[in-house]
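Below: the structure, in C-alpha cells.
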Amino acid sequence: MKEVWEAYLSGEEKTRYLKLAAGLTVVGAAEGIAPSLIGLAMDNPSAKMAAMLALGYLGTQTVTGWVQKKLSVDFDRFLHDIMQKQEGLNQRLARDLAFQPGERMAKGESRGKITATLRRSQDAFQDILYSVAKTQAPAIASTVVGLGMMLANDWRLGLVSLTSAPIAVAISRRNEKKSGPIIEEAYRNEEKIAEEVEDQLLAHQDIVLSGMREQMAGRLEGLAKKKGDLSHERRSARQGMQFQSQTLNGGVFAALTAGGVALRELGVQQSGAIVTALVYSGMFRNSWDQIVYANNSLLESLKSIEMMEEVFNGYADAEVEADDQRIGASEIEEYSFEVDHVSLGLEGEGKIIDDVSFRVPAGGVVRLEGKSGQGKTTLTRLMSGYYQPSQGEIRIGGHAVSEIKKAGPDSLYARVAYLSQHPYIFESGSIKDNLAFGNPDVTDDQMRAVLQELELAPRFTIKGVLQLDEKPQGLSGGEKARLGLARVLLKIRSHENGGVVFLDQATEELDEQTEAQVAHILLEEKRQRPNTTFVIISHREEFVEALSHPKEGEGLSIQRVRLSGGKLVEDSSVVN
C-alpha cells in the first residue's frame, strides 16, 4: 500500500482518497449503531415507541445505504481517473513497455512475463486501493463498533465473539501459507501460456504446414490444464478457509444463543438484548471475515505489484533522465561508425558478438556478410543502440551511441531508418498511419508520391482516388516489404544533414524485377544524399551487384565486413 501510495498518487489525490475512505469508514461505523435500535424496540413496553425505534432502524439503514452508494460511485470514478491521468499507471506501464531494453525483448520468456504482468497490473493496482478504502477500513469500523456495542450490552456475550478473532487470524495465516506458493506457480504458468501463445501466433504458418497443429495444440492444452489445476487448488484453499470460518461463526452463534438463554433464565437478560447481542455478533464476525478475506485477496494483488515493479522497472523515467545528459542528433556533424572492440553476451547464450572492431566513413556503405546466425543482425542492433555492448564502444560521428539522445524529436532515431525482411505493418491503422510511423512531419502529397513510385498506389486506389485512410489488410509479403520501404524512403528524405539506413535482408520477399527496381531507387537516393550512411545485410548477390555495378551510371563503393561465430574475419578495403 505504501509503495502504491507514494509512487502513483499525487498530494491532491491522497487527500481525496483519505476523504472518500473516511466517508466510507463513517458509514461502516454508522451501520454498527443501527442494530441497537432493534433490541430497544423489542424490549420497549410502548408499542408506539417500539414502532418509532423500528422506523429509526429502517431510516438509518436507508440513509447509510444511499450515502455508501454515492461514495462508492465517487470512489470508482476516482480510481478510473488516477488510472487514466497523465503520468498515471496506464501511461507509466505503456511507456515502460515501449522503453524496455532491447536485450530483454529478444528473449521469448521475458516477453511472456511482460505480457502476463501487464494484464494483471491494472486489476492489482485498483484492488489494493479499493480493498483498503472500501472493504477493510469500513469493516474495521464496523468491527470496532460492533464489539463495543456487544461489550456495552453485555461484556460476557461480547467476550464470546472476541475470543473467536485469534482463531480466525490463525485460519487466515494457514491459508496464506498454502495459497502463496500456489499463486507464484500460477503466475509462472500464466507467463508460459503467454509466451507459448505468442510463439504459436508468430509461427502459425510453419505449424500448419509442418503438420504439427495437433501437437502444438497439445502443448497449449497442457499449460491450460495446469492453469485449471492451480485455479482449483486456489479455490479449494479459499473454500477450506471459508468452511472453517463458517464453522467458527456457527460455533460463536450457538455459544451466544446458549449463553443468552442461560442469562435470561437467571433473569439477567431480556429477549431484545439477546437478539441485539446475536445481531452484533454476526456483524462483528461478518466484518472480521471481510478483513481476513480481503487480506488473503491482497496477497495476490501484492505479488502482482511486486512483479510489476520488477518487470516495468521505471525504464522510461530512467531513459528520459539519461537523455538530459545526452547530446541531440542535431549536434552530430557526420554519420561515420567506429566499432571499437565490441562484445555482447546475452544471458544463457554466451558471446554473440566477440571483440569486433571496424570503421565505416560518413556516407559510406557497408555490407555485413556471413552465414545465418553469425551475428549480423545483432551487430546492427548494437550499431543502432538497440542493444548495449557488454564490452567496447560504438561511436557515431565520434560520439558514443550511449551518449546520444534516445527519445524525442532530436533523438538518434529521428536520423535512423530501419527496414527488415518482415517490416512492422500494423493492420489496425491506416496506410497513412503506417507511412507516418517514424515520419511525423510527412505530408499526404509525399505519401502519395512514394506509393506511386513503388507501384503500390493501384493497390489502395478506389474509384480513381488513392485512399490513404484505407487499412493495409490482406497484403502479400512483397507488398508489405514495399510499404516498409516507402516508410524508409520518406525517412531518408527527411534527413537534412545525413543519417543512417539499416537494410536487414529488406528485399528477401521481393521478386527479381521489384528487387532491381528497389536497388535503382536506393541508388538514386544515395546519390542525392551522399552524407547518408548505409548498413546492409543481404544474401541476394543480385541486389548488392545492382547497387555496386548498375547498368547505368556509377555504382556505390561497398565495404565488406564478414562475421563468423560473432567474430570479425574480414574487413575489406573499400572496393568497387
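For the C-alpha cells, the naming scheme is as follows: chains receive sequential letters (A, B, ...) according to their order of presentation, residues are indexed from 1 within each chain, and ligands are indexed from 1 in presentation order.
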
Q: For Gly28 (chain A), list every protein, DNA or RNA residue within 12 Å, evaluated using only C-alpha atoms, and leave out those in the same chain fewer than 3 positions away; present the list as a ChimeraX atom specification.
A: /A:21-25,31-34,60-61,64-65,67-68,71,133-146,283-284,287

Q.
Need the shell around region 312-321 of chain A: protein/DNA/RNA residues with any atom at most 12 Å away, counting only C-alpha atoms. Skip same-chain ones fewer than 6 positions apart. Format as number ranges by chain?
A. A: 7, 87, 89-102, 104, 110-111, 113-118, 121, 304-306, 402-408, 411

Q: Take CA of Gly59 (chain A) and CA of Gln290 (chain A) and report the distance between them in Å, one decimal.
A: 24.8 Å

Q: Within 10 Å of Leu379 (chain A), counting only C-alpha atoms, which residues show up once you throw out same-chain ones fewer than 3 positions away? Write them as a list in words, please.
A: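 Once the nearby chain positions are removed, what remains is Val339, Val342, Ser343, Leu344, Ile352, Ile353, Val356, Leu368, Gln374, Gly375, Lys376, Leu382, Met383, Ser384, Gly385, Tyr386, Tyr387, Pro389, Leu563 and Gly566 of chain A.
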
Q.
Calculated over only C-alpha atoms, which of the candidates A:Ala516, A:Leu230, A:Leu468, A:Leu523 has the smallest distance to Leu489 (chain A)?
A.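 Among the listed residues, the smallest separation from Leu489 (chain A) belongs to A:Leu523.
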
Q. With only C-alpha atoms as the atoms that count, which of A:Ile291, A:Leu302, A:Ala152, A:Ile193 lies nearest to Phe125 (chain A)?
A. A:Leu302

Near-region 532-538 of chain A list (6 Å; only C-alpha atoms; drop same-chain fewer than 4 positions) as a CSV table (one decimal) with N, CA and C atoms, in the first residue's frame:
```
chain,number,residue,atom,x,y,z
A,363,GLY,N,28.8,8.7,-44.7
A,363,GLY,CA,28.3,8.5,-46.1
A,363,GLY,C,28.7,7.2,-46.8
A,364,GLY,N,29.4,6.3,-46.0
A,364,GLY,CA,29.8,5.0,-46.6
A,364,GLY,C,28.7,4.0,-46.7
A,365,VAL,N,29.0,2.9,-47.3
A,365,VAL,CA,28.1,1.8,-47.5
A,365,VAL,C,28.8,0.6,-47.0
A,366,VAL,N,28.3,-0.1,-46.0
A,366,VAL,CA,29.0,-1.3,-45.5
A,366,VAL,C,28.0,-2.5,-45.6
A,367,ARG,N,28.5,-3.6,-46.1
A,367,ARG,CA,27.7,-4.8,-46.2
A,367,ARG,C,28.2,-5.8,-45.1
A,368,LEU,N,27.3,-6.2,-44.2
A,368,LEU,CA,27.7,-7.2,-43.2
A,368,LEU,C,27.4,-8.6,-43.8
A,498,GLY,N,22.2,14.3,-43.2
A,498,GLY,CA,22.7,12.9,-43.2
A,498,GLY,C,22.0,12.1,-42.1
A,499,GLY,N,22.2,10.8,-42.2
A,499,GLY,CA,21.6,9.9,-41.3
A,499,GLY,C,22.1,8.5,-41.5
A,500,VAL,N,21.4,7.5,-41.0
A,500,VAL,CA,21.8,6.1,-41.2
A,500,VAL,C,20.6,5.3,-41.7
A,501,VAL,N,20.9,4.4,-42.6
A,501,VAL,CA,19.9,3.5,-43.1
A,501,VAL,C,20.3,2.0,-42.9
A,502,PHE,N,19.5,1.3,-42.2
A,502,PHE,CA,19.8,-0.1,-41.9
A,502,PHE,C,18.9,-1.0,-42.8
A,503,LEU,N,19.4,-1.8,-43.7
A,503,LEU,CA,18.6,-2.7,-44.5
A,503,LEU,C,19.0,-4.1,-44.1
A,504,ASP,N,18.1,-4.8,-43.4
A,504,ASP,CA,18.4,-6.1,-42.9
A,504,ASP,C,17.6,-7.1,-43.7
A,505,GLN,N,18.2,-7.6,-44.8
A,505,GLN,CA,17.5,-8.6,-45.7
A,505,GLN,C,16.2,-8.0,-46.2
```

Q: Please measure the separation of CA of Met308 (chain A) and CA of Tyr187 (chain A), giving the value in Å to one decimal.
A: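 Distance between the two atoms: 12.0 Å.
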
Contacts of region 393-395 of chain A at 7 Å or less, counting only C-alpha atoms, minus same-chain residues fewer than 2 places along, as an mmCIF file with N, CA and C atoms, in the first residue's frame?
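Resulting contents of out_1.cif:
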```
data_model
loop_
_atom_site.group_PDB
_atom_site.id
_atom_site.type_symbol
_atom_site.label_atom_id
_atom_site.label_comp_id
_atom_site.auth_asym_id
_atom_site.auth_seq_id
_atom_site.Cartn_x
_atom_site.Cartn_y
_atom_site.Cartn_z
ATOM 1 N N PHE A 337 30.804 5.477 -38.477
ATOM 2 C CA PHE A 337 30.723 4.475 -37.419
ATOM 3 C C PHE A 337 32.122 4.038 -37.011
ATOM 4 N N GLU A 338 32.302 3.926 -35.710
ATOM 5 C CA GLU A 338 33.510 3.309 -35.170
ATOM 6 C C GLU A 338 33.068 2.209 -34.210
ATOM 7 N N VAL A 339 33.339 0.990 -34.584
ATOM 8 C CA VAL A 339 33.036 -0.159 -33.735
ATOM 9 C C VAL A 339 34.348 -0.578 -33.094
ATOM 10 N N ASP A 340 34.458 -0.354 -31.787
ATOM 11 C CA ASP A 340 35.747 -0.466 -31.110
ATOM 12 C C ASP A 340 35.735 -1.601 -30.080
ATOM 13 N N HIS A 341 36.284 -2.768 -30.472
ATOM 14 C CA HIS A 341 36.424 -3.929 -29.582
ATOM 15 C C HIS A 341 35.105 -4.248 -28.878
ATOM 16 N N VAL A 342 34.058 -4.382 -29.657
ATOM 17 C CA VAL A 342 32.711 -4.586 -29.119
ATOM 18 C C VAL A 342 32.411 -6.071 -28.938
ATOM 19 N N MET A 383 24.915 -1.367 -33.325
ATOM 20 C CA MET A 383 25.287 -0.122 -34.004
ATOM 21 C C MET A 383 24.192 0.936 -33.881
ATOM 22 N N PRO A 389 26.483 -2.818 -25.736
ATOM 23 C CA PRO A 389 27.568 -3.810 -25.721
ATOM 24 C C PRO A 389 27.971 -4.187 -24.301
ATOM 25 N N GLN A 391 31.012 -5.172 -23.729
ATOM 26 C CA GLN A 391 32.358 -4.600 -23.692
ATOM 27 C C GLN A 391 32.551 -3.749 -24.940
ATOM 28 N N GLY A 397 29.779 9.428 -35.563
ATOM 29 C CA GLY A 397 30.284 10.796 -35.697
ATOM 30 C C GLY A 397 31.191 11.192 -34.553
ATOM 31 N N GLY A 398 31.888 10.223 -33.996
ATOM 32 C CA GLY A 398 32.802 10.489 -32.892
ATOM 33 C C GLY A 398 32.148 10.479 -31.525
ATOM 34 N N HIS A 399 30.820 10.299 -31.445
ATOM 35 C CA HIS A 399 30.108 10.295 -30.175
ATOM 36 C C HIS A 399 29.647 8.868 -29.844
ATOM 37 N N ALA A 400 29.872 8.453 -28.614
ATOM 38 C CA ALA A 400 29.397 7.133 -28.200
ATOM 39 C C ALA A 400 27.883 7.060 -28.364
ATOM 40 N N VAL A 401 27.404 5.953 -28.906
ATOM 41 C CA VAL A 401 25.962 5.792 -29.116
ATOM 42 C C VAL A 401 25.214 5.958 -27.793
#
```

Q | Contacts of Asn296 (chain A) within 8 Å, only C-alpha atoms, excl. fewer than 4 positions in-chain, as number ranges by chain | A | A: 172, 175-176, 292, 300

(Q) Applying 8 Å and only C-alpha atoms, which residues near region 420-435 of chain A remain after dropping the ones on its own chain fewer than 2 positions away? List them as number ranges by chain. (A) A: 418, 437-439, 444, 447, 468-473, 477, 480-481, 483-484, 486-487, 490, 503-509

Convert the current residue selection to file output with N, CA and C atoms, as an mmCIF file, in the first residue's frame.
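Dumped everything to part_31.cif:
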```cif
data_model
loop_
_atom_site.group_PDB
_atom_site.id
_atom_site.type_symbol
_atom_site.label_atom_id
_atom_site.label_comp_id
_atom_site.auth_asym_id
_atom_site.auth_seq_id
_atom_site.Cartn_x
_atom_site.Cartn_y
_atom_site.Cartn_z
ATOM 1 N N TYR A 418 15.158 2.088 -40.602
ATOM 2 C CA TYR A 418 15.436 0.655 -40.466
ATOM 3 C C TYR A 418 14.380 -0.139 -41.228
ATOM 4 N N PHE A 437 4.605 6.383 -39.554
ATOM 5 C CA PHE A 437 5.303 5.688 -38.475
ATOM 6 C C PHE A 437 6.795 6.015 -38.556
ATOM 7 N N GLY A 438 7.267 6.825 -37.606
ATOM 8 C CA GLY A 438 8.660 7.279 -37.652
ATOM 9 C C GLY A 438 8.856 8.512 -38.505
ATOM 10 N N ASN A 439 7.780 9.011 -39.135
ATOM 11 C CA ASN A 439 7.845 10.186 -40.015
ATOM 12 C C ASN A 439 6.735 11.170 -39.654
ATOM 13 N N ASP A 444 0.701 14.391 -46.915
ATOM 14 C CA ASP A 444 -0.085 13.465 -47.731
ATOM 15 C C ASP A 444 0.469 13.377 -49.150
ATOM 16 N N MET A 447 3.405 11.140 -49.248
ATOM 17 C CA MET A 447 2.972 9.746 -49.131
ATOM 18 C C MET A 447 2.465 9.221 -50.479
ATOM 19 N N LEU A 468 -5.610 7.073 -48.611
ATOM 20 C CA LEU A 468 -4.622 6.928 -47.539
ATOM 21 C C LEU A 468 -5.245 6.440 -46.243
ATOM 22 N N ASP A 469 -6.572 6.564 -46.129
ATOM 23 C CA ASP A 469 -7.242 6.153 -44.902
ATOM 24 C C ASP A 469 -7.638 4.681 -44.901
ATOM 25 N N GLU A 470 -7.357 3.981 -46.005
ATOM 26 C CA GLU A 470 -7.648 2.553 -46.059
ATOM 27 C C GLU A 470 -6.702 1.783 -45.142
ATOM 28 N N LYS A 471 -7.151 0.630 -44.664
ATOM 29 C CA LYS A 471 -6.308 -0.210 -43.818
ATOM 30 C C LYS A 471 -5.501 -1.177 -44.692
ATOM 31 N N PRO A 472 -4.233 -1.433 -44.327
ATOM 32 C CA PRO A 472 -3.371 -2.303 -45.141
ATOM 33 C C PRO A 472 -3.616 -3.777 -44.854
ATOM 34 N N GLN A 473 -4.835 -4.241 -45.052
ATOM 35 C CA GLN A 473 -5.173 -5.617 -44.739
ATOM 36 C C GLN A 473 -5.055 -6.499 -45.978
ATOM 37 N N GLY A 477 3.474 -10.667 -48.859
ATOM 38 C CA GLY A 477 4.780 -10.383 -48.282
ATOM 39 C C GLY A 477 5.516 -9.306 -49.053
ATOM 40 N N LYS A 480 3.978 -5.865 -48.317
ATOM 41 C CA LYS A 480 4.407 -5.381 -47.008
ATOM 42 C C LYS A 480 5.831 -4.852 -47.072
ATOM 43 N N ALA A 481 6.687 -5.564 -47.810
ATOM 44 C CA ALA A 481 8.079 -5.125 -47.947
ATOM 45 C C ALA A 481 8.149 -3.766 -48.632
ATOM 46 N N LEU A 483 5.724 -1.486 -48.724
ATOM 47 C CA LEU A 483 5.163 -0.462 -47.836
ATOM 48 C C LEU A 483 6.195 -0.059 -46.782
ATOM 49 N N GLY A 484 6.938 -1.051 -46.279
ATOM 50 C CA GLY A 484 8.014 -0.743 -45.345
ATOM 51 C C GLY A 484 9.099 0.088 -46.003
ATOM 52 N N ALA A 486 8.643 2.154 -48.490
ATOM 53 C CA ALA A 486 8.088 3.501 -48.660
ATOM 54 C C ALA A 486 8.307 4.323 -47.392
ATOM 55 N N ARG A 487 8.120 3.709 -46.259
ATOM 56 C CA ARG A 487 8.337 4.386 -44.985
ATOM 57 C C ARG A 487 9.805 4.788 -44.830
ATOM 58 N N LEU A 490 10.703 7.773 -47.093
ATOM 59 C CA LEU A 490 10.237 9.029 -46.511
ATOM 60 C C LEU A 490 11.161 9.480 -45.389
ATOM 61 N N LEU A 503 19.425 -1.788 -43.673
ATOM 62 C CA LEU A 503 18.628 -2.688 -44.515
ATOM 63 C C LEU A 503 18.994 -4.120 -44.140
ATOM 64 N N ASP A 504 18.112 -4.787 -43.392
ATOM 65 C CA ASP A 504 18.377 -6.135 -42.906
ATOM 66 C C ASP A 504 17.553 -7.131 -43.723
ATOM 67 N N GLN A 505 18.170 -7.630 -44.804
ATOM 68 C CA GLN A 505 17.513 -8.570 -45.713
ATOM 69 C C GLN A 505 16.180 -8.005 -46.196
ATOM 70 N N ALA A 506 16.205 -6.729 -46.528
ATOM 71 C CA ALA A 506 14.973 -5.999 -46.829
ATOM 72 C C ALA A 506 14.313 -6.417 -48.128
ATOM 73 N N THR A 507 15.057 -7.049 -49.041
ATOM 74 C CA THR A 507 14.479 -7.407 -50.348
ATOM 75 C C THR A 507 14.211 -8.903 -50.484
ATOM 76 N N GLU A 508 14.321 -9.646 -49.397
ATOM 77 C CA GLU A 508 14.179 -11.104 -49.479
ATOM 78 C C GLU A 508 12.783 -11.526 -49.927
ATOM 79 N N GLU A 509 11.777 -10.690 -49.669
ATOM 80 C CA GLU A 509 10.399 -11.038 -50.014
ATOM 81 C C GLU A 509 10.008 -10.561 -51.418
#
```

Q: List every residue of region 343-440 of chain A that DSSP, applied to the backbone, labels as helix (DSSP H, G or I), and write the result as a VMD selection string.
A: chain A and resid 376 to 383 401 to 403 412 to 414 431 to 435

Q) Looking only at the backbone, which of the residues in region 504-549 of chain A does DSSP tag as strand (DSSP E), as a ChimeraX atom specification? A) /A:504,533-537

Q: Could you check how far CA of Leu298 (chain A) sits from CA of Ala124 (chain A), in Å to one decimal?
A: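 Spanning CA of Leu298 (chain A) to CA of Ala124 (chain A) is a straight-line distance of 8.2 Å.
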